[in-house]
Amino acid sequence: MALIFVLSAQPDLDSGLGAIDLVARKLAHLSIYLALTLAWFWALRPVTSPARALALAAGISFGYAISDEYHQSFVEGRHGNPVDVAIDTVGIILGSMLLRYDHRVRSALDGEEP
């Protein structure tokens, strides 16, 4: 979350590669929020049920996606973008689906063999 905050505080992340840069940044949004959801699930799983840990992980990640875009609205050269929240949400949903339906991912996070 600190890395997301630091990157969001940068006035310009454009590499000058045009469409490649745009696609790469959007894929980064999706991937980072997928990973954030997995990380929160892993952190919460020892203290609550798996279903509750998954719901909390997704909720925390979604809340952070919104707050990140709000934060960007205060950074010169940046603006909050609801489309980025939607892309982040896709990453959260994909992460949640992996946790819910792929026993290999759950086993790896629990430190077990699949």
# chains A, B, ... in the order shown; residues from 1 in each chain; ligands from 1
>>> residues_around(residues="Leu56 in chain A", least_positions_apart="5", cutoff="8 Å", atoms="only C-alpha atoms", output="compact mmCIF listing (two decimals) with N, CA and C atoms, in the first residue's frame")
# COMPACT_ATOMS: atom_id res chain seq x y z
N TRP A 40 -3.90 -9.19 1.64
CA TRP A 40 -4.82 -8.96 2.76
C TRP A 40 -5.48 -10.26 3.20
N PHE A 41 -5.84 -11.12 2.25
CA PHE A 41 -6.41 -12.42 2.62
C PHE A 41 -5.41 -13.20 3.45
N LEU A 44 -5.22 -11.81 6.93
CA LEU A 44 -6.45 -11.93 7.74
C LEU A 44 -6.86 -13.37 8.01
>>> residues_around(residues="Gly91 in chain A", least_positions_apart="2", cutoff="10 Å", atoms="only C-alpha atoms", output="list in words")
Leu27, Ala28, His29, Leu30, Ser31, Ile32, Tyr33, Leu34, Ala35, Leu36, Thr37, Ala58, Ser61, Phe62, Val85, Ala86, Ile87, Asp88, Thr89, Ile93, Leu94, Gly95, Ser96 and Met97 of chain A
>>> select_by_dssp(residues="chain A", states="helix (DSSP H, G or I)", output="ChimeraX atom specification")
/A:2-8,19-44,50-72,82-101,103-110
>>> atom_distance(atom1="CA of Ala2 in chain A", atom2="CA of Ile92 in chain A")
17.7 Å
>>> residues_around(residues="His79 in chain A", least_positions_apart="4", cutoff="10 Å", atoms="only C-alpha atoms", output="list of chain:residue names")
A:Ser8, A:Pro11, A:Glu69, A:Tyr70, A:His71, A:Gln72, A:Ser73, A:Phe74, A:Val75
>>> closest_residue(among="A:Ala53, A:Thr48, A:Asp68, A:Leu38", to="Val6 in chain A", atoms="only C-alpha atoms")
A:Asp68
>>> closest_residue(among="A:Arg100, A:Ala57, A:Val105, A:Arg78", to="Asp12 in chain A", atoms="only C-alpha atoms")
A:Arg78
>>> closest_residue(among="A:Ala65, A:Leu98, A:Leu7, A:Val47", to="Arg25 in chain A", atoms="only C-alpha atoms")
A:Leu7
>>> atom_distance(atom1="CA of Arg106 in chain A", atom2="CA of Ser67 in chain A")
27.8 Å
